[in-house]
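**Q** So that you have it, the file is model-v7.pdb, and it contains PDB, C-alpha atoms:
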```
MODEL        1
ATOM      1  CA  MET V   1      -0.414  26.784  39.976
ATOM      2  CA  GLY V   2      -2.143  27.817  43.198
ATOM      3  CA  ILE V   3      -0.257  29.088  46.297
ATOM      4  CA  GLU V   4      -0.548  26.619  49.160
ATOM      5  CA  LYS V   5      -0.855  27.738  52.780
ATOM      6  CA  GLY V   6       2.432  28.287  54.539
ATOM      7  CA  ILE V   7       4.302  29.295  51.367
ATOM      8  CA  THR V   8       5.472  32.852  51.039
ATOM      9  CA  LEU V   9       5.226  34.873  47.850
ATOM     10  CA  GLU V  10       8.988  34.749  47.368
ATOM     11  CA  GLU V  11       9.033  30.942  47.575
ATOM     12  CA  ALA V  12       6.154  30.737  45.118
ATOM     13  CA  LEU V  13       8.041  32.970  42.640
ATOM     14  CA  LYS V  14      11.118  30.758  42.968
ATOM     15  CA  MET V  15       9.021  27.661  42.272
ATOM     16  CA  LEU V  16       7.480  29.339  39.224
ATOM     17  CA  ALA V  17      10.917  30.308  37.889
ATOM     18  CA  ALA V  18      12.179  26.739  38.386
ATOM     19  CA  ALA V  19       9.138  25.363  36.536
ATOM     20  CA  GLN V  20       9.665  27.776  33.641
ATOM     21  CA  THR V  21      13.336  26.771  33.440
ATOM     22  CA  LYS V  22      12.365  23.093  33.339
ATOM     23  CA  ILE V  23       9.789  23.753  30.597
ATOM     24  CA  ALA V  24      12.397  25.636  28.551
ATOM     25  CA  GLN V  25      14.826  22.709  28.879
ATOM     26  CA  GLN V  26      12.122  20.267  27.787
ATOM     27  CA  GLU V  27      11.256  22.425  24.766
ATOM     28  CA  LYS V  28      14.942  22.559  23.842
ATOM     29  CA  GLU V  29      15.179  18.748  24.079
ATOM     30  CA  LEU V  30      12.077  18.372  21.914
ATOM     31  CA  SER V  31      13.497  20.696  19.255
ATOM     32  CA  GLU V  32      16.746  18.711  19.238
ATOM     33  CA  LYS V  33      14.795  15.453  18.837
ATOM     34  CA  ASP V  34      12.801  16.995  15.960
ATOM     35  CA  LEU V  35      16.047  17.953  14.195
ATOM     36  CA  LYS V  36      17.387  14.413  14.665
ATOM     37  CA  LEU V  37      14.130  12.950  13.356
ATOM     38  CA  GLN V  38      14.241  15.167  10.273
ATOM     39  CA  ALA V  39      17.840  14.159   9.616
ATOM     40  CA  GLN V  40      16.897  10.472   9.950
ATOM     41  CA  THR V  41      13.968  10.979   7.567
ATOM     42  CA  LEU V  42      16.266  12.531   4.949
ATOM     43  CA  THR V  43      18.705   9.662   5.408
ATOM     44  CA  ILE V  44      15.916   7.109   4.911
ATOM     45  CA  ARG V  45      14.731   8.852   1.740
ATOM     46  CA  GLU V  46      18.230   8.924   0.313
ATOM     47  CA  THR V  47      18.650   5.226   1.188
ATOM     48  CA  GLU V  48      15.345   4.397  -0.549
ATOM     49  CA  LYS V  49      16.471   6.249  -3.695
ATOM     50  CA  GLU V  50      19.777   4.384  -3.699
ATOM     51  CA  LEU V  51      17.927   1.088  -3.157
ATOM     52  CA  GLU V  52      15.628   1.851  -6.092
ATOM     53  CA  LYS V  53      18.631   2.528  -8.318
ATOM     54  CA  VAL V  54      20.231  -0.745  -7.183
ATOM     55  CA  ASN V  55      16.998  -2.652  -7.941
ATOM     56  CA  LEU V  56      16.781  -1.123 -11.419
ATOM     57  CA  GLU V  57      20.396  -2.032 -12.111
ATOM     58  CA  ASN V  58      19.743  -5.541 -10.789
ATOM     59  CA  ASP V  59      16.738  -5.945 -13.113
ATOM     60  CA  ARG V  60      18.774  -4.712 -16.075
ATOM     61  CA  LEU V  61      21.574  -7.191 -15.354
ATOM     62  CA  ARG V  62      19.073 -10.025 -14.900
ATOM     63  CA  GLU V  63      17.543  -9.215 -18.294
ATOM     64  CA  GLN V  64      20.950  -9.206 -19.965
ATOM     65  CA  LEU V  65      21.823 -12.534 -18.310
ATOM     66  CA  TYR V  66      18.527 -14.028 -19.498
ATOM     67  CA  ILE V  67      19.180 -12.853 -23.077
ATOM     68  CA  HIS V  68      22.709 -14.311 -23.097
ATOM     69  CA  LEU V  69      21.584 -17.630 -21.607
ATOM     70  CA  ARG V  70      18.742 -17.891 -24.099
ATOM     71  CA  ALA V  71      21.057 -17.102 -27.026
ATOM     72  CA  ARG V  72      23.589 -19.677 -25.839
ATOM     73  CA  PHE V  73      21.502 -22.625 -24.703
ATOM     74  CA  CYS V  74      17.983 -22.311 -26.136
ATOM     75  CA  ALA V  75      16.983 -23.594 -29.557
ATOM     76  CA  ARG V  76      17.040 -21.063 -32.394
ATOM     77  CA  SER V  77      15.121 -21.284 -35.647
ATOM     78  CA  GLU V  78      16.873 -21.494 -39.022
ATOM     79  CA  LYS V  79      20.061 -22.802 -37.422
ATOM     80  CA  TYR V  80      22.619 -23.841 -40.052
ATOM     81  CA  ASN V  81      24.174 -27.275 -39.787
ATOM     82  CA  GLU V  82      27.567 -27.584 -41.493
ATOM     83  CA  ASP V  83      27.140 -31.368 -41.978
ATOM     84  CA  GLN V  84      24.008 -30.882 -44.054
ATOM     85  CA  PRO V  85      24.776 -31.371 -47.791
ATOM     86  CA  SER V  86      23.841 -28.654 -50.231
ATOM     87  CA  LEU V  87      20.762 -29.202 -52.350
ATOM     88  CA  PHE V  88      22.024 -27.274 -55.376
ATOM     89  CA  ASP V  89      25.789 -27.796 -55.398
ATOM     90  CA  TYR V  90      26.339 -30.660 -57.886
ATOM     91  CA  GLU V  91      29.838 -32.056 -57.667
ATOM     92  CA  ASP V  92      29.220 -34.464 -60.568
ATOM     93  CA  GLU V  93      27.978 -32.785 -63.735
ATOM     94  CA  ASN V  94      26.719 -36.169 -64.990
ATOM     95  CA  LEU V  95      23.933 -35.959 -62.456
ATOM     96  CA  ILE V  96      22.390 -33.060 -64.367
ATOM     97  CA  SER V  97      20.065 -34.225 -67.150
ATOM     98  CA  LYS V  98      20.748 -32.917 -70.619
ATOM     99  CA  GLU V  99      18.139 -30.938 -72.562
ATOM    100  CA  SER V 100      17.711 -33.748 -75.141
ATOM    101  CA  GLU V 101      17.009 -36.260 -72.381
ATOM    102  CA  ILE V 102      14.483 -33.919 -70.807
ATOM    103  CA  GLU V 103      12.663 -33.414 -74.140
ATOM    104  CA  GLU V 104      12.426 -37.171 -74.709
ATOM    105  CA  SER V 105      11.210 -37.861 -71.188
ATOM    106  CA  VAL V 106       8.527 -35.161 -71.382
ATOM    107  CA  LYS V 107       6.854 -37.084 -74.208
ATOM    108  CA  GLY V 108       5.579 -39.542 -71.604
ATOM    109  CA  GLU V 109       8.047 -42.392 -71.880
ATOM    110  CA  GLY V 110      10.588 -41.298 -69.265
ATOM    111  CA  SER V 111      10.567 -40.141 -65.683
ATOM    112  CA  PHE V 112       9.027 -36.780 -66.677
ATOM    113  CA  LYS V 113       5.350 -36.884 -67.744
ATOM    114  CA  GLU V 114       2.760 -34.312 -68.614
ATOM    115  CA  VAL V 115       0.147 -34.065 -65.826
ATOM    116  CA  LEU V 116      -3.042 -32.004 -65.970
ATOM    117  CA  VAL V 117      -3.464 -29.978 -62.799
ATOM    118  CA  ARG V 118      -6.996 -29.125 -61.691
ATOM    119  CA  GLU V 119      -7.868 -25.487 -61.273
ATOM    120  CA  TYR V 120      -8.489 -24.228 -57.782
ATOM    121  CA  LYS V 121      -9.950 -21.081 -56.297
ATOM    122  CA  ARG V 122      -7.461 -18.908 -54.520
ATOM    123  CA  ARG V 123      -8.593 -17.805 -51.106
ATOM    124  CA  LYS V 124      -9.219 -14.100 -51.081
ATOM    125  CA  CYS V 125      -7.346 -12.284 -48.365
ATOM    126  CA  GLY V 126      -8.976  -9.508 -46.417
ATOM    127  CA  ARG V 127     -11.383  -8.835 -43.596
ATOM    128  CA  LYS V 128     -13.981 -11.463 -42.763
ATOM    129  CA  LYS V 129     -17.615 -10.562 -43.205
ATOM    130  CA  LEU V 130     -19.534  -9.775 -40.048
ATOM    131  CA  SER V 131     -22.162 -12.344 -39.135
ATOM    132  CA  ASP V 132     -25.640 -11.777 -40.573
ATOM    133  CA  GLU V 133     -27.118 -12.749 -37.203
ATOM    134  CA  LEU V 134     -25.755  -9.587 -35.570
ATOM    135  CA  PRO V 135     -28.303  -6.776 -35.303
ATOM    136  CA  ARG V 136     -27.807  -3.819 -37.650
ATOM    137  CA  LYS V 137     -28.385  -0.143 -36.974
ATOM    138  CA  GLU V 138     -28.250   2.041 -40.079
ATOM    139  CA  ILE V 139     -26.855   5.566 -39.909
ATOM    140  CA  ILE V 140     -27.835   7.494 -43.054
ATOM    141  CA  ILE V 141     -25.531  10.337 -44.031
ATOM    142  CA  ASP V 142     -27.408  12.224 -46.748
ATOM    143  CA  ILE V 143     -26.804  15.510 -48.547
ATOM    144  CA  PRO V 144     -29.012  18.502 -47.628
ATOM    145  CA  GLU V 145     -32.381  18.893 -49.363
ATOM    146  CA  GLU V 146     -31.316  22.081 -51.169
ATOM    147  CA  GLU V 147     -28.455  20.214 -52.849
ATOM    148  CA  LYS V 148     -30.888  17.636 -54.243
ATOM    149  CA  ILE V 149     -32.046  20.212 -56.842
ATOM    150  CA  CYS V 150     -30.054  20.290 -60.087
ATOM    151  CA  ALA V 151     -28.958  23.538 -61.750
ATOM    152  CA  CYS V 152     -31.513  22.807 -64.495
ATOM    153  CA  GLY V 153     -34.312  22.811 -61.917
ATOM    154  CA  ALA V 154     -34.981  19.033 -61.882
ATOM    155  CA  ARG V 155     -34.870  17.073 -58.633
ATOM    156  CA  LEU V 156     -32.019  14.578 -58.250
ATOM    157  CA  VAL V 157     -32.914  10.887 -58.220
ATOM    158  CA  LYS V 158     -31.184   8.315 -56.034
ATOM    159  CA  VAL V 159     -29.169   6.034 -58.314
ATOM    160  CA  GLY V 160     -27.217   4.046 -55.726
ATOM    161  CA  GLU V 161     -25.550   4.066 -52.350
ATOM    162  CA  ASP V 162     -22.306   3.050 -50.653
ATOM    163  CA  ARG V 163     -22.440   0.842 -47.578
ATOM    164  CA  SER V 164     -19.723   0.147 -45.029
ATOM    165  CA  GLU V 165     -20.020  -1.941 -41.880
ATOM    166  CA  ARG V 166     -18.149  -1.404 -38.638
ATOM    167  CA  LEU V 167     -18.562  -3.233 -35.362
ATOM    168  CA  GLN V 168     -19.835  -1.157 -32.440
ATOM    169  CA  VAL V 169     -19.767  -2.196 -28.777
ATOM    170  CA  ILE V 170     -21.959  -0.918 -25.950
ATOM    171  CA  PRO V 171     -20.214  -1.499 -22.572
ATOM    172  CA  ALA V 172     -22.041  -3.391 -19.834
ATOM    173  CA  GLN V 173     -24.764  -1.142 -18.455
ATOM    174  CA  ILE V 174     -24.897  -0.973 -14.662
ATOM    175  CA  TYR V 175     -27.864   0.637 -12.925
ATOM    176  CA  VAL V 176     -29.563   0.532  -9.534
ATOM    177  CA  GLU V 177     -32.690  -1.594  -9.466
ATOM    178  CA  VAL V 178     -35.179   0.027  -7.060
ATOM    179  CA  THR V 179     -38.005  -2.251  -5.907
ATOM    180  CA  VAL V 180     -41.054  -0.277  -4.742
ATOM    181  CA  ARG V 181     -43.804  -2.061  -2.808
ATOM    182  CA  PRO V 182     -46.770   0.267  -2.133
ATOM    183  CA  LYS V 183     -48.467  -0.154   1.229
ATOM    184  CA  TYR V 184     -52.247   0.320   1.605
ATOM    185  CA  ALA V 185     -54.541   0.877   4.592
ATOM    186  CA  CYS V 186     -58.162   1.927   5.161
ATOM    187  CA  LYS V 187     -58.608   5.425   6.588
ATOM    188  CA  ASN V 188     -62.270   4.826   7.414
ATOM    189  CA  CYS V 189     -62.239   1.791   9.704
ATOM    190  CA  GLU V 190     -58.471   1.442  10.123
ATOM    191  CA  GLY V 191     -58.712  -2.274   9.376
ATOM    192  CA  SER V 192     -61.478  -3.178  11.868
ATOM    193  CA  GLY V 193     -63.953  -3.935   9.078
ATOM    194  CA  ASP V 194     -61.914  -6.885   7.812
ATOM    195  CA  GLU V 195     -60.186  -8.564  10.728
ATOM    196  CA  ASP V 196     -59.152 -11.610   8.676
ATOM    197  CA  LYS V 197     -56.634  -9.501   6.767
ATOM    198  CA  PRO V 198     -53.819  -7.328   8.098
ATOM    199  CA  VAL V 199     -54.300  -3.609   8.587
ATOM    200  CA  PHE V 200     -51.580  -2.794   6.087
ATOM    201  CA  ARG V 201     -51.734  -4.662   2.786
ATOM    202  CA  GLN V 202     -48.611  -5.008   0.733
ATOM    203  CA  MET V 203     -47.069  -7.454  -1.734
ATOM    204  CA  PRO V 204     -44.340  -9.637  -0.203
ATOM    205  CA  ALA V 205     -40.733  -8.839  -1.007
ATOM    206  CA  PRO V 206     -39.282 -10.815  -3.945
ATOM    207  CA  LYS V 207     -36.906 -13.637  -3.076
ATOM    208  CA  ASN V 208     -33.240 -13.136  -3.908
ATOM    209  CA  ILE V 209     -30.320 -15.552  -4.063
ATOM    210  CA  ILE V 210     -28.555 -13.612  -1.294
ATOM    211  CA  GLN V 211     -30.972 -11.981   1.113
ATOM    212  CA  LYS V 212     -30.321  -8.425   2.365
ATOM    213  CA  SER V 213     -27.599  -7.879  -0.229
ATOM    214  CA  ILE V 214     -27.152  -5.437  -3.106
ATOM    215  CA  ALA V 215     -26.164  -8.304  -5.418
ATOM    216  CA  THR V 216     -28.782  -9.303  -7.981
ATOM    217  CA  SER V 217     -28.675 -12.475 -10.041
ATOM    218  CA  GLY V 218     -27.394 -10.465 -13.018
ATOM    219  CA  LEU V 219     -24.531  -8.963 -10.991
ATOM    220  CA  LEU V 220     -23.553 -12.377  -9.588
ATOM    221  CA  SER V 221     -23.507 -13.893 -13.081
ATOM    222  CA  PHE V 222     -21.415 -10.968 -14.356
ATOM    223  CA  VAL V 223     -18.847 -11.354 -11.538
ATOM    224  CA  PHE V 224     -18.527 -15.145 -11.767
ATOM    225  CA  ILE V 225     -18.313 -15.225 -15.579
ATOM    226  CA  ASN V 226     -15.522 -12.633 -15.463
ATOM    227  CA  LYS V 227     -13.619 -14.713 -12.903
ATOM    228  CA  TYR V 228     -14.013 -18.247 -14.257
ATOM    229  CA  CYS V 229     -14.538 -17.683 -18.000
ATOM    230  CA  ASN V 230     -12.632 -14.439 -18.656
ATOM    231  CA  HIS V 231      -9.880 -15.212 -16.066
ATOM    232  CA  MET V 232     -10.388 -11.874 -14.307
ATOM    233  CA  PRO V 233      -9.495 -12.091 -10.579
ATOM    234  CA  TYR V 234     -11.544 -10.313  -7.963
ATOM    235  CA  TYR V 235      -8.929  -7.624  -7.313
ATOM    236  CA  ARG V 236      -9.075  -6.595 -10.985
ATOM    237  CA  GLN V 237     -12.852  -6.553 -10.927
ATOM    238  CA  GLU V 238     -12.664  -4.393  -7.808
ATOM    239  CA  LYS V 239     -10.569  -1.846  -9.722
ATOM    240  CA  ALA V 240     -12.979  -2.024 -12.676
ATOM    241  CA  PHE V 241     -15.919  -1.232 -10.385
ATOM    242  CA  GLU V 242     -13.961   1.655  -8.817
ATOM    243  CA  ARG V 243     -13.565   3.227 -12.265
ATOM    244  CA  ARG V 244     -17.367   3.276 -12.440
ATOM    245  CA  LEU V 245     -17.621   4.820  -8.944
ATOM    246  CA  ILE V 246     -18.985   1.567  -7.459
ATOM    247  CA  ASP V 247     -17.592   0.306  -4.158
ATOM    248  CA  ILE V 248     -17.522  -3.515  -4.286
ATOM    249  CA  SER V 249     -14.526  -5.075  -2.550
ATOM    250  CA  ARG V 250     -12.931  -8.399  -3.372
ATOM    251  CA  ALA V 251     -13.988  -9.617   0.088
ATOM    252  CA  ASP V 252     -17.632  -8.966  -0.844
ATOM    253  CA  MET V 253     -17.292 -10.929  -4.097
ATOM    254  CA  ASP V 254     -15.560 -13.798  -2.294
ATOM    255  CA  SER V 255     -18.382 -13.876   0.268
ATOM    256  CA  TRP V 256     -20.973 -13.920  -2.535
ATOM    257  CA  GLN V 257     -19.184 -16.882  -4.107
ATOM    258  CA  LEU V 258     -19.392 -18.941  -0.894
ATOM    259  CA  LEU V 259     -23.066 -18.084  -0.353
ATOM    260  CA  VAL V 260     -24.008 -18.933  -3.943
ATOM    261  CA  TYR V 261     -22.119 -22.221  -3.697
ATOM    262  CA  GLU V 262     -24.224 -23.182  -0.665
ATOM    263  CA  LYS V 263     -27.354 -22.444  -2.682
ATOM    264  CA  LEU V 264     -26.136 -24.516  -5.654
ATOM    265  CA  LYS V 265     -25.067 -27.619  -3.724
ATOM    266  CA  PRO V 266     -28.148 -29.585  -4.913
ATOM    267  CA  LEU V 267     -27.106 -28.849  -8.514
ATOM    268  CA  GLU V 268     -23.619 -30.182  -7.766
ATOM    269  CA  LYS V 269     -25.076 -33.488  -6.574
ATOM    270  CA  ILE V 270     -27.175 -33.732  -9.738
ATOM    271  CA  LEU V 271     -24.066 -33.139 -11.894
ATOM    272  CA  LEU V 272     -22.120 -35.806  -9.994
ATOM    273  CA  ARG V 273     -24.877 -38.338 -10.674
ATOM    274  CA  HIS V 274     -25.090 -37.224 -14.313
ATOM    275  CA  ILE V 275     -21.395 -37.706 -15.152
ATOM    276  CA  LYS V 276     -21.586 -41.297 -13.840
ATOM    277  CA  LYS V 277     -24.275 -42.230 -16.364
ATOM    278  CA  GLY V 278     -21.903 -42.310 -19.346
ATOM    279  CA  ARG V 279     -19.782 -45.196 -20.551
ATOM    280  CA  LEU V 280     -16.519 -43.346 -19.841
ATOM    281  CA  LEU V 281     -15.429 -41.044 -17.037
ATOM    282  CA  ASN V 282     -12.247 -38.980 -17.458
ATOM    283  CA  MET V 283     -10.491 -37.476 -14.449
ATOM    284  CA  ASP V 284      -7.412 -35.329 -13.933
ATOM    285  CA  GLU V 285      -5.524 -34.346 -10.805
ATOM    286  CA  THR V 286      -3.620 -31.095 -10.348
ATOM    287  CA  THR V 287      -1.569 -30.233  -7.263
ATOM    288  CA  VAL V 288      -1.577 -26.706  -5.859
ATOM    289  CA  ARG V 289       0.019 -25.091  -2.845
ATOM    290  CA  VAL V 290      -2.135 -22.807  -0.722
ATOM    291  CA  LEU V 291      -0.306 -19.902   0.884
ATOM    292  CA  HIS V 292      -2.448 -19.675   3.998
ATOM    293  CA  TYR V 293      -4.788 -22.071   5.798
ATOM    294  CA  ASP V 294      -7.317 -21.155   8.479
ATOM    295  CA  ASP V 295      -5.766 -23.698  10.799
ATOM    296  CA  ALA V 296      -2.457 -22.550  12.331
ATOM    297  CA  GLU V 297      -1.122 -26.103  12.578
ATOM    298  CA  LYS V 298      -1.581 -26.651   8.845
ATOM    299  CA  ASN V 299       0.359 -23.461   8.138
ATOM    300  CA  GLN V 300       3.357 -24.892   9.974
ATOM    301  CA  ASN V 301       3.333 -28.142   8.003
ATOM    302  CA  ARG V 302       1.795 -27.138   4.705
ATOM    303  CA  GLN V 303       1.165 -29.916   2.223
ATOM    304  CA  LYS V 304      -0.003 -29.991  -1.340
ATOM    305  CA  SER V 305      -3.674 -29.416  -2.050
ATOM    306  CA  TYR V 306      -5.492 -31.070  -4.925
ATOM    307  CA  ILE V 307      -7.919 -30.034  -7.645
ATOM    308  CA  TRP V 308      -9.762 -32.804  -9.446
ATOM    309  CA  VAL V 309     -11.725 -32.346 -12.642
ATOM    310  CA  ALA V 310     -14.140 -35.009 -13.852
ATOM    311  CA  ILE V 311     -15.742 -35.091 -17.321
ATOM    312  CA  GLY V 312     -18.389 -37.639 -18.165
ATOM    313  CA  GLY V 313     -22.028 -38.316 -18.874
ATOM    314  CA  PRO V 314     -23.940 -39.421 -21.972
ATOM    315  CA  GLU V 315     -22.302 -38.879 -25.350
ATOM    316  CA  LYS V 316     -24.353 -35.811 -26.295
ATOM    317  CA  GLN V 317     -24.731 -34.391 -22.775
ATOM    318  CA  LYS V 318     -21.228 -34.125 -21.353
ATOM    319  CA  ALA V 319     -20.749 -32.387 -18.026
ATOM    320  CA  CYS V 320     -17.718 -31.208 -16.061
ATOM    321  CA  VAL V 321     -17.247 -31.046 -12.285
ATOM    322  CA  TYR V 322     -14.330 -29.498 -10.343
ATOM    323  CA  ARG V 323     -13.494 -30.506  -6.797
ATOM    324  CA  TYR V 324     -10.896 -28.908  -4.464
ATOM    325  CA  GLU V 325      -9.530 -30.345  -1.254
ATOM    326  CA  ASN V 326      -6.820 -28.881   0.979
ATOM    327  CA  TYR V 327      -5.520 -32.335   1.916
ATOM    328  CA  ASP V 328      -4.909 -35.670   0.270
ATOM    329  CA  ALA V 329      -8.418 -37.121   0.396
ATOM    330  CA  ARG V 330      -7.731 -39.910  -2.067
TER
ENDMDL
END
```
How would this structure read if it were set down as structure tokens?

**A**
Amino acid sequence: MGIEKGITLEEALKMLAAAQTKIAQQEKELSEKDLKLQAQTLTIRETEKELEKVNLENDRLREQLYIHLRARFCARSEKYNEDQPSLFDYEDENLISKESEIEESVKGEGSFKEVLVREYKRRKCGRKKLSDELPRKEIIIDIPEEEKICACGARLVKVGEDRSERLQVIPAQIYVEVTVRPKYACKNCEGSGDEDKPVFRQMPAPKNIIQKSIATSGLLSFVFINKYCNHMPYYRQEKAFERRLIDISRADMDSWQLLVYEKLKPLEKILLRHIKKGRLLNMDETTVRVLHYDDAEKNQNRQKSYIWVAIGGPEKQKACVYRYENYDAR
């Protein structure tokens, strides 16, 4: 703080002392606020712990209620019905055939007859054989060469072998595909000798489904097959890529899906024409409720959305088409 003109040294010292006193009061207030904040933080933590205990107790009680309701109202197997008559408790002994009657009937003249039963092969239980179409890779585990010599000095001869098959899996291999396009130029004339061609000569870049993207056709197929065939949502695939140290977000995969759909629209039209060529066209409607629309007005008055599936086409070339609409477009 500078000393202005017209202020004596004594006045300046008084102003400095007053400023220091004010700063000390402010520091004291800040320390008191910090203590209150710490106390509030501890209170919040204790409340969260109590809330967690209450939630656990609530889940336990819900589970017990579900078990009791299921035991009381749901159907149970092997339930005994008191009105059902016994199959083996004969009240009238006359209903039981005597041994003499049985012997006479077995001869072929009564209700009991001798019947020849055909033999059948019992199905052998155990592990199913692996398909012969699967490739095989043999791993030979042999004894050392020095043990192939008998104590008498003769060399041992192979008289047989034991084979066992186990199924091995190699996880999906992910690697970075680097496309290198060499560039050439003439050092002598610097391109002036052949003006019809460019100075720098280079092969054009290959065309991709999504331009300026890291996604190859193999990666797109892998992502979409996991989602629609293996029922693996994008957030799970995102975690799976993270375990392999690959940063691909669910937003990226969703964007790829929209871009690929735009590229495949001609194929969709061909499929729609194909399924109409058959004698019979089957369709099914499923209602869904979308949690969030892009339009704010639709979010206020949300209605059911629809998914239609159509299966049709020639008898030996069936095709299936899905169609989604966020309104009743029937």

**Q** Could you state which residues are captured by the PyMOL selection byres ((chain V and resi 279) around 10) in this file, as a list of chain:residue names?

**A**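 Selected by the PyMOL selection byres ((chain V and resi 279) around 10) here: V:Ile275, V:Lys276, V:Lys277, V:Gly278, V:Leu280, V:Leu281, V:Gly312, V:Gly313, V:Pro314, V:Glu315.
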
**Q** Got a sec to resolve the PyMOL selection byres ((chain V and resi 308) around 8) on this structure and send the residues as a list in words?

**A**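 Selected by the PyMOL selection byres ((chain V and resi 308) around 8) here: Met283, Asp284, Glu285, Thr286, Tyr306, Ile307, Val309, Ala310, Tyr322, Arg323 and Tyr324 of chain V.
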
**Q** Have a look at atom CA of Glu138 of chain V and atom CA of Tyr175 of chain V and let me know their distance in Å, one decimal.

**A**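 About the pair atom CA of Glu138 of chain V and atom CA of Tyr175 of chain V: they are 27.2 Å apart.
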
**Q** Mind checking which residues fall within 7 Å of Arg250 of chain V, counting all atoms listed in the file, ignoring those fewer than 4 positions away in the same chain, and posting them as JSON, numbers by chain?

**A** {"V": [234, 235, 238, 254]}

**Q** Given the PyMOL selection byres ((chain V and resi 181) around 10) and the file above, list the residues it selects as a list in words.

**A**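 Residues picked by the PyMOL selection byres ((chain V and resi 181) around 10): Val178, Thr179, Val180, Pro182, Lys183, Tyr184, Gln202, Met203, Pro204, Ala205 and Pro206 of chain V.
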
**Q** Taking all atoms listed in the file into account, which of V:Leu264, V:Met253, V:Leu271, V:Cys150 comes nearest Leu220 of chain V?

**A**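 Answer, going by the shortest atom-to-atom distance: V:Met253.
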
**Q** Could you tell me how far atom CA of Lys49 of chain V sits from atom CA of Gln64 of chain V, in Å to one decimal place?

**A**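 Interatomic distance here is 22.9 Å.
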